[in-house]
file protein.cif (mmCIF, C-alpha atoms)
data_upload
loop_
_atom_site.label_atom_id
_atom_site.label_comp_id
_atom_site.auth_asym_id
_atom_site.auth_seq_id
_atom_site.Cartn_x
_atom_site.Cartn_y
_atom_site.Cartn_z
CA MET A 1 -7.32 109.97 3.61
CA LYS A 2 -7.55 106.56 1.91
CA ARG A 3 -3.79 106.13 2.01
CA TYR A 4 -3.64 106.67 5.76
CA MET A 5 -6.58 104.38 6.49
CA ARG A 6 -4.95 101.72 4.34
CA MET A 7 -1.81 102.07 6.47
CA ALA A 8 -3.90 101.68 9.64
CA ILE A 9 -5.51 98.50 8.27
CA SER A 10 -2.10 97.08 7.41
CA LEU A 11 -0.92 97.75 10.96
CA ALA A 12 -4.02 96.04 12.37
CA GLU A 13 -3.41 92.95 10.23
CA SER A 14 0.10 92.56 11.63
CA ALA A 15 -1.35 91.30 14.93
CA ARG A 16 -3.67 88.74 13.39
CA GLY A 17 -4.15 85.85 15.78
CA ASP A 18 -2.69 87.68 18.78
CA THR A 19 -5.44 89.96 20.08
CA PHE A 20 -8.23 87.54 21.07
CA PRO A 21 -10.80 88.22 22.41
CA ASN A 22 -10.32 91.80 21.16
CA PRO A 23 -10.57 93.03 17.57
CA LEU A 24 -7.68 93.88 15.26
CA VAL A 25 -7.17 97.65 15.30
CA GLY A 26 -4.60 99.97 13.74
CA ALA A 27 -4.10 103.73 14.10
CA ILE A 28 -2.12 106.50 12.41
CA VAL A 29 -1.50 110.10 13.56
CA VAL A 30 -0.98 112.56 10.69
CA LYS A 31 0.06 116.22 10.81
CA ASN A 32 0.75 118.49 7.87
CA GLY A 33 0.70 115.52 5.50
CA ARG A 34 3.28 113.58 7.50
CA VAL A 35 2.80 110.44 9.60
CA ILE A 36 4.03 111.20 13.12
CA GLY A 37 2.56 108.25 15.01
CA ARG A 38 1.74 104.62 14.32
CA GLY A 39 0.22 101.92 16.46
CA PHE A 40 -1.73 98.68 16.54
CA HIS A 41 -3.37 96.65 19.27
CA LYS A 42 -0.97 93.84 20.09
CA LYS A 43 -2.77 91.75 22.69
CA ALA A 44 -5.70 91.81 25.09
CA ALA A 45 -5.09 93.86 28.26
CA GLY A 46 -2.36 95.77 26.44
CA PRO A 47 -2.63 99.36 25.16
CA HIS A 48 -5.00 99.98 22.28
CA ALA A 49 -3.80 101.08 18.85
CA GLU A 50 -4.66 104.74 19.43
CA ILE A 51 -2.54 104.86 22.60
CA TYR A 52 0.54 103.53 20.82
CA ALA A 53 0.08 106.02 17.96
CA LEU A 54 -0.43 108.98 20.30
CA LYS A 55 2.59 108.01 22.39
CA GLU A 56 4.78 107.93 19.30
CA ALA A 57 3.44 111.31 18.15
CA GLY A 58 4.00 112.83 21.58
CA ARG A 59 3.41 116.59 21.91
CA TYR A 60 3.19 116.89 18.13
CA ALA A 61 -0.26 115.22 18.27
CA GLN A 62 -1.71 118.65 19.17
CA GLY A 63 -3.82 119.73 16.18
CA ALA A 64 -3.17 116.50 14.25
CA SER A 65 -5.58 114.00 12.68
CA LEU A 66 -6.06 110.45 13.90
CA TYR A 67 -6.95 107.58 11.54
CA CYS A 68 -8.20 104.46 13.32
CA THR A 69 -9.85 101.34 11.92
CA PHE A 70 -12.30 100.95 14.82
CA GLU A 71 -14.27 103.45 16.86
CA PRO A 72 -12.16 104.45 19.90
CA CYS A 73 -13.47 102.95 23.13
CA SER A 74 -15.19 105.11 25.74
CA HIS A 75 -15.44 102.67 28.64
CA TYR A 76 -13.23 101.11 31.28
CA GLY A 77 -12.47 97.48 30.47
CA ARG A 78 -9.05 95.82 30.55
CA THR A 79 -7.71 99.34 29.84
CA GLY A 80 -8.98 102.89 30.22
CA PRO A 81 -11.03 104.82 27.62
CA CYS A 82 -9.10 105.77 24.49
CA VAL A 83 -11.34 108.80 23.88
CA ASP A 84 -9.97 110.48 27.02
CA GLU A 85 -6.41 110.14 25.72
CA ILE A 86 -7.40 111.40 22.26
CA ILE A 87 -9.08 114.47 23.73
CA SER A 88 -6.16 115.10 26.10
CA ALA A 89 -3.63 114.86 23.23
CA GLY A 90 -5.38 117.71 21.38
CA ILE A 91 -6.34 115.72 18.28
CA LYS A 92 -8.29 117.95 15.88
CA LYS A 93 -10.00 115.36 13.62
CA VAL A 94 -10.66 111.62 13.82
CA TYR A 95 -11.26 109.38 10.81
CA CYS A 96 -12.86 106.14 11.99
CA GLY A 97 -13.17 103.11 9.73
CA MET A 98 -16.29 101.73 11.40
CA ILE A 99 -18.44 102.01 14.49
CA ASP A 100 -17.61 99.38 17.11
CA PRO A 101 -20.51 96.86 17.03
CA ASP A 102 -19.96 95.97 20.71
CA PRO A 103 -22.99 97.39 22.59
CA ILE A 104 -20.66 98.54 25.39
CA THR A 105 -19.04 101.09 23.08
CA SER A 106 -21.13 101.30 19.92
CA GLY A 107 -21.51 104.98 19.01
CA ARG A 108 -20.47 106.25 22.43
CA GLY A 109 -16.86 106.86 21.49
CA VAL A 110 -17.78 108.97 18.50
CA GLU A 111 -20.36 110.85 20.56
CA ALA A 112 -17.81 111.66 23.28
CA LEU A 113 -15.28 112.92 20.74
CA ARG A 114 -17.80 115.16 19.01
CA LYS A 115 -19.01 116.57 22.32
CA SER A 116 -15.42 117.59 23.06
CA GLY A 117 -15.29 119.53 19.77
CA ILE A 118 -13.33 116.98 17.73
CA SER A 119 -14.52 116.49 14.15
CA VAL A 120 -15.26 112.81 13.45
CA SER A 121 -15.71 111.10 10.08
CA VAL A 122 -17.00 107.50 10.07
CA GLY A 123 -17.00 104.87 7.32
CA SER A 124 -13.88 104.17 5.30
CA PHE A 125 -12.93 100.68 4.08
CA GLU A 126 -15.65 99.35 6.39
CA ASP A 127 -16.19 96.14 4.40
CA GLU A 128 -12.50 95.32 4.61
CA ILE A 129 -12.33 96.10 8.31
CA ARG A 130 -15.39 93.93 8.97
CA LEU A 131 -13.77 91.06 7.09
CA LEU A 132 -10.65 91.43 9.21
CA ASN A 133 -12.71 91.27 12.41
CA GLU A 134 -15.33 88.63 11.56
CA PRO A 135 -14.80 86.62 14.76
CA PHE A 136 -15.11 89.65 17.06
CA ILE A 137 -18.14 91.04 15.24
CA LYS A 138 -20.00 87.72 15.31
CA ALA A 139 -19.26 87.28 19.01
CA VAL A 140 -20.53 90.70 20.12
CA THR A 141 -23.58 90.72 17.84
CA LYS A 142 -24.71 87.08 17.98
CA GLY A 143 -23.05 85.64 21.07
CA MET A 144 -21.40 82.89 19.00
CA PRO A 145 -17.81 82.16 17.92
CA PHE A 146 -16.77 82.23 14.27
CA VAL A 147 -16.26 78.65 13.04
CA THR A 148 -14.05 77.29 10.26
CA VAL A 149 -14.12 73.58 9.41
CA LYS A 150 -10.93 72.09 8.03
CA ILE A 151 -11.01 68.96 5.86
CA ALA A 152 -8.17 66.94 4.33
CA GLU A 153 -9.50 64.48 1.75
CA SER A 154 -8.82 62.50 -1.40
CA LEU A 155 -10.30 63.36 -4.80
CA ASP A 156 -13.26 61.12 -4.04
CA GLY A 157 -13.92 62.75 -0.67
CA LYS A 158 -12.38 60.13 1.61
CA THR A 159 -10.37 60.73 4.78
CA ALA A 160 -9.33 57.12 5.41
CA THR A 161 -9.19 53.78 3.62
CA ASN A 162 -11.67 50.97 4.29
CA ALA A 163 -9.06 49.57 6.73
CA GLY A 164 -9.00 52.86 8.64
CA GLU A 165 -5.61 54.11 7.44
CA SER A 166 -5.51 57.91 7.28
CA LYS A 167 -1.84 58.92 7.63
CA TRP A 168 -1.25 60.65 5.39
CA ILE A 169 -3.63 61.71 2.65
CA THR A 170 -2.24 65.18 1.96
CA SER A 171 1.42 66.13 1.46
CA GLU A 172 3.83 67.20 4.19
CA PRO A 173 3.92 70.83 2.92
CA SER A 174 0.11 70.93 3.13
CA ARG A 175 0.18 69.61 6.68
CA GLN A 176 2.82 72.14 7.65
CA TYR A 177 0.73 74.92 6.13
CA ALA A 178 -2.34 73.70 8.05
CA ARG A 179 -0.40 73.75 11.32
CA LEU A 180 0.91 77.25 10.61
CA ARG A 181 -2.65 78.49 10.11
CA ARG A 182 -3.58 77.43 13.64
CA ARG A 183 -2.01 80.64 14.94
CA PHE A 184 -4.92 82.62 13.48
CA TYR A 185 -7.39 80.91 15.84
CA ASP A 186 -7.83 80.97 19.59
CA CYS A 187 -9.45 77.53 19.71
CA ILE A 188 -9.05 74.19 17.95
CA MET A 189 -11.77 71.54 18.19
CA ALA A 190 -11.84 67.81 17.49
CA GLY A 191 -14.27 64.97 18.06
CA ILE A 192 -13.54 62.09 20.41
CA ASN A 193 -13.27 59.59 17.53
CA THR A 194 -10.34 61.58 16.14
CA VAL A 195 -8.71 61.66 19.57
CA LEU A 196 -9.14 57.90 20.10
CA LYS A 197 -7.95 56.98 16.63
CA ASP A 198 -5.13 59.46 15.93
CA ASP A 199 -4.15 60.68 19.43
CA PRO A 200 -3.31 64.17 18.09
CA CYS A 201 -1.50 66.88 20.05
CA LEU A 202 -3.45 69.72 18.39
CA GLU A 203 -0.60 72.15 19.04
CA PRO A 204 0.34 75.30 17.12
CA SER A 205 3.36 74.94 14.86
CA GLU A 206 6.79 75.13 16.48
CA ARG A 207 7.26 78.55 14.88
CA PHE A 208 4.39 79.92 16.98
CA LYS A 209 4.74 77.72 20.03
CA GLY A 210 3.86 80.57 22.38
CA HIS A 211 0.48 81.16 20.75
CA LYS A 212 -2.43 80.38 23.06
CA LEU A 213 -4.67 77.79 21.42
CA ILE A 214 -7.48 76.38 23.54
CA LYS A 215 -8.18 72.72 22.76
CA VAL A 216 -11.78 71.52 22.81
CA VAL A 217 -12.71 67.84 22.59
CA VAL A 218 -16.35 67.00 21.86
CA ASP A 219 -16.76 63.79 23.86
CA SER A 220 -20.41 62.99 24.60
CA ARG A 221 -19.73 59.93 26.78
CA LEU A 222 -16.49 61.18 28.36
CA ARG A 223 -14.30 58.51 26.79
CA ILE A 224 -11.12 60.58 26.51
CA PRO A 225 -8.12 58.60 27.81
CA LEU A 226 -6.21 60.27 30.64
CA ARG A 227 -3.04 59.43 28.70
CA ALA A 228 -4.18 61.34 25.58
CA ARG A 229 -1.30 63.39 24.18
CA LEU A 230 -3.36 66.57 23.90
CA LEU A 231 -3.66 66.60 27.71
CA ASN A 232 0.13 66.80 28.09
CA THR A 233 0.31 70.44 27.22
CA TYR A 234 0.66 73.97 28.55
CA GLN A 235 -2.39 74.89 26.47
CA PRO A 236 -5.86 75.05 28.07
CA VAL A 237 -8.06 72.01 27.40
CA ILE A 238 -11.86 71.80 27.47
CA VAL A 239 -13.83 68.58 27.23
CA ALA A 240 -17.51 68.90 26.28
CA CYS A 241 -19.78 66.02 27.26
CA VAL A 242 -23.32 64.91 28.03
CA LYS A 243 -22.62 62.02 30.37
CA LYS A 244 -21.73 62.83 33.97
CA ASP A 245 -18.91 60.80 35.48
CA ILE A 246 -17.74 62.46 38.69
CA LEU A 247 -14.65 60.28 39.13
CA LYS A 248 -13.46 60.83 35.54
CA GLU A 249 -14.28 64.53 35.67
CA ASN A 250 -12.30 64.97 38.90
CA ARG A 251 -9.29 63.23 37.37
CA LEU A 252 -9.51 65.45 34.31
CA MET A 253 -9.85 68.58 36.44
CA GLN A 254 -6.74 67.54 38.36
CA ARG A 255 -4.98 67.75 35.00
CA GLY A 256 -6.28 71.31 34.56
CA VAL A 257 -9.08 70.33 32.16
CA LEU A 258 -12.34 72.26 32.15
CA VAL A 259 -15.34 69.94 31.70
CA ILE A 260 -18.45 71.47 30.12
CA HIS A 261 -21.84 69.75 30.05
CA THR A 262 -24.56 70.35 27.48
CA ARG A 263 -28.00 68.90 27.03
CA SER A 264 -28.22 65.73 24.98
CA LYS A 265 -29.14 66.07 21.32
CA LYS A 266 -29.74 62.61 19.89
CA GLY A 267 -27.36 61.28 22.52
CA ARG A 268 -24.61 63.71 21.59
CA VAL A 269 -23.30 67.08 22.72
CA ASP A 270 -25.56 69.94 21.66
CA ILE A 271 -23.14 71.83 19.43
CA LYS A 272 -25.08 75.10 19.43
CA GLU A 273 -25.28 75.15 23.23
CA LEU A 274 -21.57 74.36 23.40
CA LEU A 275 -20.71 77.26 21.09
CA LYS A 276 -22.73 79.67 23.23
CA LYS A 277 -20.87 78.50 26.33
CA LEU A 278 -17.52 78.86 24.58
CA SER A 279 -18.46 82.38 23.53
CA LYS A 280 -19.11 83.27 27.18
CA LEU A 281 -15.53 82.12 27.84
CA GLU A 282 -14.47 84.75 25.27
CA ILE A 283 -13.50 82.18 22.64
CA ARG A 284 -13.83 83.95 19.31
CA ASN A 285 -12.39 81.96 16.40
CA ILE A 286 -12.66 78.15 16.27
CA LEU A 287 -10.92 75.78 13.87
CA VAL A 288 -12.72 72.42 13.68
CA GLU A 289 -10.26 69.73 12.59
CA GLY A 290 -12.53 66.72 12.57
CA GLY A 291 -13.59 64.18 12.32
CA SER A 292 -16.33 63.26 9.91
CA THR A 293 -19.11 63.05 12.51
CA LEU A 294 -18.30 66.41 14.13
CA ILE A 295 -17.95 68.26 10.83
CA GLY A 296 -21.21 66.69 9.66
CA SER A 297 -22.94 68.00 12.79
CA PHE A 298 -21.66 71.54 12.18
CA LEU A 299 -22.89 71.49 8.60
CA ASP A 300 -26.24 69.83 9.39
CA GLU A 301 -26.94 72.48 12.02
CA ARG A 302 -25.68 75.35 9.85
CA LEU A 303 -23.17 76.39 12.52
CA ALA A 304 -19.96 76.67 10.48
CA ASP A 305 -19.06 79.93 8.75
CA LYS A 306 -16.12 78.94 6.55
CA ALA A 307 -14.42 75.84 5.22
CA ILE A 308 -10.87 75.12 4.19
CA VAL A 309 -10.53 71.89 2.20
CA PHE A 310 -7.21 70.23 1.35
CA ILE A 311 -7.66 67.87 -1.61
CA ALA A 312 -4.95 65.34 -2.45
CA PRO A 313 -4.63 64.14 -6.08
CA LYS A 314 -5.46 60.51 -5.31
CA PHE A 315 -8.45 58.17 -5.24
CA ILE A 316 -9.13 55.89 -2.29
CA GLY A 317 -12.43 54.31 -3.28
CA GLY A 318 -14.43 51.81 -1.27
CA VAL A 319 -18.01 52.08 -0.10
CA ASN A 320 -16.84 51.55 3.48
CA SER A 321 -14.01 54.07 3.38
CA GLN A 322 -14.39 57.05 5.73
CA PRO A 323 -16.09 60.05 4.06
CA ALA A 324 -14.89 63.57 4.84
CA VAL A 325 -18.33 64.69 6.01
CA GLY A 326 -20.77 62.59 8.01
CA GLY A 327 -24.08 63.59 9.52
CA ASP A 328 -27.50 63.52 7.86
CA GLY A 329 -26.64 65.60 4.80
CA VAL A 330 -29.27 67.11 2.49
CA LYS A 331 -32.10 65.35 0.66
CA ARG A 332 -32.16 67.60 -2.37
CA LEU A 333 -29.40 69.11 -4.46
CA SER A 334 -31.19 72.44 -4.24
CA SER A 335 -30.43 72.34 -0.50
CA ALA A 336 -26.72 71.60 -0.95
CA ILE A 337 -24.36 73.80 1.05
CA LYS A 338 -22.31 75.99 -1.26
CA LEU A 339 -18.81 77.36 -0.90
CA ASN A 340 -18.75 81.02 -1.94
CA ASP A 341 -15.98 83.58 -2.47
CA VAL A 342 -13.60 80.70 -3.03
CA THR A 343 -9.84 81.13 -3.08
CA ILE A 344 -7.70 78.37 -4.61
CA ARG A 345 -4.11 77.53 -3.72
CA ARG A 346 -1.90 74.72 -4.99
CA LEU A 347 0.73 73.23 -2.72
CA SER A 348 2.92 70.23 -3.50
CA GLY A 349 0.30 68.63 -5.74
CA ASP A 350 -2.59 69.30 -3.37
CA VAL A 351 -5.36 71.81 -4.02
CA ILE A 352 -6.57 73.99 -1.14
CA LEU A 353 -10.03 75.52 -1.38
CA GLU A 354 -11.17 78.14 1.11
CA GLY A 355 -14.48 79.98 1.20
CA TYR A 356 -17.64 80.95 3.03
CA LEU A 357 -20.39 78.43 3.60
CA ARG A 358 -23.78 79.48 2.25
CA TYR A 359 -26.84 77.63 3.46
CA LYS A 360 -30.27 77.37 1.85
#
call {"tool": "encode", "arguments": {"input": "protein.cif", "output": "structure tokens"}}
result
Amino acid sequence: MKRYMRMAISLAESARGDTFPNPLVGAIVVKNGRVIGRGFHKKAAGPHAEIYALKEAGRYAQGASLYCTFEPCSHYGRTGPCVDEIISAGIKKVYCGMIDPDPITSGRGVEALRKSGISVSVGSFEDEIRLLNEPFIKAVTKGMPFVTVKIAESLDGKTATNAGESKWITSEPSRQYARLRRRFYDCIMAGINTVLKDDPCLEPSERFKGHKLIKVVVDSRLRIPLRARLLNTYQPVIVACVKKDILKENRLMQRGVLVIHTRSKKGRVDIKELLKKLSKLEIRNILVEGGSTLIGSFLDERLADKAIVFIAPKFIGGVNSQPAVGGDGVKRLSSAIKLNDVTIRRLSGDVILEGYLRYK
């Protein structure tokens, strides 16, 4: 059983970054010790993993076992219920990695299968499957997107010199790697200071140019220039602000930009309120690429889940040089935010740390 569930997980992983807002799901149909059907969910509104696997198995699915990483759905959404197809195919036993945490389905799929006489076993590699679907699980259980902050800094924690020069601190291979990773997110976020200073495009890498990556600019006073490069894109753009400027908003909307207002929090966009609104737009996995003020806000408010930090082997120095993290920070070392479950990678002299943020 473990071997087949491992195969299903591997299939699910192959669509990483492509299924938003849906979870990553893989499925295997097995009969007489032989795999006769394979499938994975490829994109939202497309067939679910179970449907692909059953289609490949065809009439041989009668009396077979189905291994799926997630509980099969039992409701009509973008597609029809998978449980109906499983029952119709004559599947004898279902091995399910975990119950779907989405209240729409949670437990109902398993219940429907058992009522039809199909034997169902739940709970195999659940920790691994949860890890694979962190953004989806957080969204359906907490109504918030999963957030990763990305930092590129010197050894002494600087992101720019005291003259404001920031291009480039890390190596070209590190920057290419960072751009490649954008395909695993459905949203990239930056603060207005980064937009005004660097005028970034915030695009996926050329290799994954077709990947949908929603751009969000946190711009409390609506200062974004209409000539900003990130607006010249086929990708959706959202500008979050506090200040209302009807003329500017209309001009942005003519460019296809969605303007979102939040309440003012110390004169700035209320990040928590913004995240809740983005979640309602079915945004699941956000990469925050700066700058210092925005990242500081996420950490101060305990709203980021992970961090990926690119550290270049160089010192910048200077009391007035730009630090990687702004905000209020902590008063006591005992309250410092820790990076847990850290993975370390070395790339062209740079060190890349990635881990989960743990707050006191």
call {"tool": "residues_around", "arguments": {"input": "protein.cif", "residues": "A:Asp84", "least_positions_apart": "5", "cutoff": "10 Å", "atoms": "all atoms listed in the file", "output": "CSV table (one decimal) with C-alpha atoms, in the coordinates of the input"}}
result
chain,number,residue,atom,x,y,z
A,72,PRO,CA,-12.2,104.4,19.9
A,73,CYS,CA,-13.5,103.0,23.1
A,74,SER,CA,-15.2,105.1,25.7
A,75,HIS,CA,-15.4,102.7,28.6
A,89,ALA,CA,-3.6,114.9,23.2
A,109,GLY,CA,-16.9,106.9,21.5
A,112,ALA,CA,-17.8,111.7,23.3
A,113,LEU,CA,-15.3,112.9,20.7
A,116,SER,CA,-15.4,117.6,23.1
call {"tool": "residues_around", "arguments": {"input": "protein.cif", "residues": "A:Tyr234", "least_positions_apart": "5", "cutoff": "12 Å", "atoms": "only C-alpha atoms", "output": "mmCIF file with C-alpha atoms, in the frame of the given file"}}
result
data_model
loop_
_atom_site.group_PDB
_atom_site.id
_atom_site.type_symbol
_atom_site.label_atom_id
_atom_site.label_comp_id
_atom_site.auth_asym_id
_atom_site.auth_seq_id
_atom_site.Cartn_x
_atom_site.Cartn_y
_atom_site.Cartn_z
ATOM 1 C CA CYS A 201 -1.500 66.880 20.050
ATOM 2 C CA LEU A 202 -3.450 69.720 18.390
ATOM 3 C CA GLU A 203 -0.600 72.150 19.040
ATOM 4 C CA PRO A 204 0.340 75.300 17.120
ATOM 5 C CA LYS A 209 4.740 77.720 20.030
ATOM 6 C CA GLY A 210 3.860 80.570 22.380
ATOM 7 C CA HIS A 211 0.480 81.160 20.750
ATOM 8 C CA LYS A 212 -2.430 80.380 23.060
ATOM 9 C CA LEU A 213 -4.670 77.790 21.420
ATOM 10 C CA ILE A 214 -7.480 76.380 23.540
ATOM 11 C CA LYS A 215 -8.180 72.720 22.760
ATOM 12 C CA ARG A 229 -1.300 63.390 24.180
ATOM 13 C CA ARG A 255 -4.980 67.750 35.000
ATOM 14 C CA GLY A 256 -6.280 71.310 34.560
ATOM 15 C CA VAL A 257 -9.080 70.330 32.160
#
call {"tool": "residues_around", "arguments": {"input": "protein.cif", "residues": "A:Lys167", "least_positions_apart": "6", "cutoff": "12 Å", "atoms": "only C-alpha atoms", "output": "MDAnalysis selection string"}}
result
chainID A and resid 152:154 159:161 175 197:198 200
call {"tool": "resolve_selection", "arguments": {"input": "protein.cif", "expression": "the PyMOL selection byres ((chain A and resi 32) around 12)", "output": "compact mmCIF listing (two decimals) with C-alpha atoms, keeping the file's coordinate frame"}}
result
# COMPACT_ATOMS: atom_id res chain seq x y z
CA VAL A 29 -1.50 110.10 13.56
CA VAL A 30 -0.98 112.56 10.69
CA LYS A 31 0.06 116.22 10.81
CA GLY A 33 0.70 115.52 5.50
CA ARG A 34 3.28 113.58 7.50
CA VAL A 35 2.80 110.44 9.60
CA ILE A 36 4.03 111.20 13.12
CA TYR A 60 3.19 116.89 18.13
CA ALA A 61 -0.26 115.22 18.27
CA GLN A 62 -1.71 118.65 19.17
CA GLY A 63 -3.82 119.73 16.18
CA ALA A 64 -3.17 116.50 14.25
CA SER A 65 -5.58 114.00 12.68
call {"tool": "closest_atom_pairs", "arguments": {"input": "protein.cif", "of": "stretch 301-343 of chain A", "to": "stretch 269-273 of chain A", "cutoff": "10 Å", "atoms": "all atoms listed in the file", "output": "Markdown table"}}
result
| residue | atom | partner | partner_atom | distance |
| --- | --- | --- | --- | --- |
| A:Glu301 | CA | A:Lys272 | CA | 8.1 |
| A:Arg302 | CA | A:Lys272 | CA | 9.6 |
| A:Leu303 | CA | A:Lys272 | CA | 7.3 |
call {"tool": "resolve_selection", "arguments": {"input": "protein.cif", "expression": "the PyMOL selection byres ((chain A and resi 225) around 12)", "output": "list in words"}}
result
Ile192, Asn193, Val195, Leu196, Lys197, Asp199, Val217, Asp219, Arg221, Leu222, Arg223, Ile224, Leu226, Arg227, Ala228, Arg229, Leu230, Leu231, Asn232, Val239, Lys248, Glu249, Arg251 and Leu252 of chain A
call {"tool": "closest_atom_pairs", "arguments": {"input": "protein.cif", "of": "stretch 116-210 of chain A", "to": "stretch 285-299 of chain A", "cutoff": "7 Å", "atoms": "all atoms listed in the file", "output": "CSV"}}
result
residue,atom,partner,partner_atom,distance
A:Pro135,CA,A:Asn285,CA,5.5
A:Pro145,CA,A:Asn285,CA,5.6
A:Phe146,CA,A:Asn285,CA,4.9
A:Val147,CA,A:Ile286,CA,4.9
A:Thr148,CA,A:Leu287,CA,5.0
A:Val149,CA,A:Val288,CA,4.6
A:Lys150,CA,A:Glu289,CA,5.2
A:Ile151,CA,A:Glu289,CA,6.8
A:Tyr185,CA,A:Asn285,CA,5.1
A:Asp186,CA,A:Asn285,CA,5.7
A:Cys187,CA,A:Ile286,CA,4.7
A:Ile188,CA,A:Leu287,CA,4.8
A:Met189,CA,A:Val288,CA,4.7
A:Ala190,CA,A:Gly290,CA,5.1
A:Gly191,CA,A:Leu294,CA,5.8
A:Asn193,CA,A:Gly291,CA,7.0
A:Thr194,CA,A:Gly291,CA,5.6
call {"tool": "resolve_selection", "arguments": {"input": "protein.cif", "expression": "the PyMOL selection byres ((chain A and resi 23) around 6)", "output": "list in words"}}
result
Asn22, Leu24, Asn133 and Phe136 of chain A
call {"tool": "residues_around", "arguments": {"input": "protein.cif", "residues": "A:Ser119", "least_positions_apart": "2", "cutoff": "10 Å", "atoms": "all atoms listed in the file", "output": "ChimeraX atom specification"}}
result
/A:65,91-95,110,113-117,121
call {"tool": "atom_distance", "arguments": {"input": "protein.cif", "atom1": "atom CA of A:Gly123", "atom2": "atom CA of A:Gly46"}}
result
25.7 Å
call {"tool": "residues_around", "arguments": {"input": "protein.cif", "residues": "stretch 335-352 of chain A", "least_positions_apart": "2", "cutoff": "8 Å", "atoms": "only C-alpha atoms", "output": "PyMOL selection string"}}
result
chain A and resi 170-171+173-174+307-313+330-333+354-360
call {"tool": "closest_residue", "arguments": {"input": "protein.cif", "among": "A:Arg207, A:Lys243, A:Lys55, A:Arg284", "to": "A:Arg181", "atoms": "only C-alpha atoms"}}
result
A:Arg207
call {"tool": "atom_distance", "arguments": {"input": "protein.cif", "atom1": "atom CA of A:Phe40", "atom2": "atom CA of A:Cys68"}}
result
9.3 Å
call {"tool": "closest_residue", "arguments": {"input": "protein.cif", "among": "A:Ala27, A:Ala304, A:Gly58, A:Val218", "to": "A:Thr262", "atoms": "all atoms listed in the file"}}
result
A:Val218
call {"tool": "closest_residue", "arguments": {"input": "protein.cif", "among": "A:Asp156, A:Asp305, A:Glu165, A:Glu206", "to": "A:Val319", "atoms": "only C-alpha atoms"}}
result
A:Asp156
call {"tool": "closest_residue", "arguments": {"input": "protein.cif", "among": "A:Ala49, A:Ile28, A:Leu274, A:Ala163", "to": "A:Cys82", "atoms": "only C-alpha atoms"}}
result
A:Ala49
call {"tool": "atom_distance", "arguments": {"input": "protein.cif", "atom1": "atom CA of A:Gly17", "atom2": "atom CA of A:Ala44"}}
result
11.2 Å
call {"tool": "closest_atom_pairs", "arguments": {"input": "protein.cif", "of": "stretch 113-202 of chain A", "to": "stretch 11-15 of chain A", "cutoff": "12 Å", "atoms": "only C-alpha atoms", "output": "CSV"}}
result
residue,atom,partner,partner_atom,distance
A:Glu128,CA,A:Glu13,CA,10.9
A:Ile129,CA,A:Ala12,CA,9.2
A:Leu131,CA,A:Glu13,CA,11.0
A:Leu132,CA,A:Glu13,CA,7.5
A:Asn133,CA,A:Glu13,CA,9.7
A:Arg183,CA,A:Ala15,CA,10.7
A:Phe184,CA,A:Ala15,CA,9.5
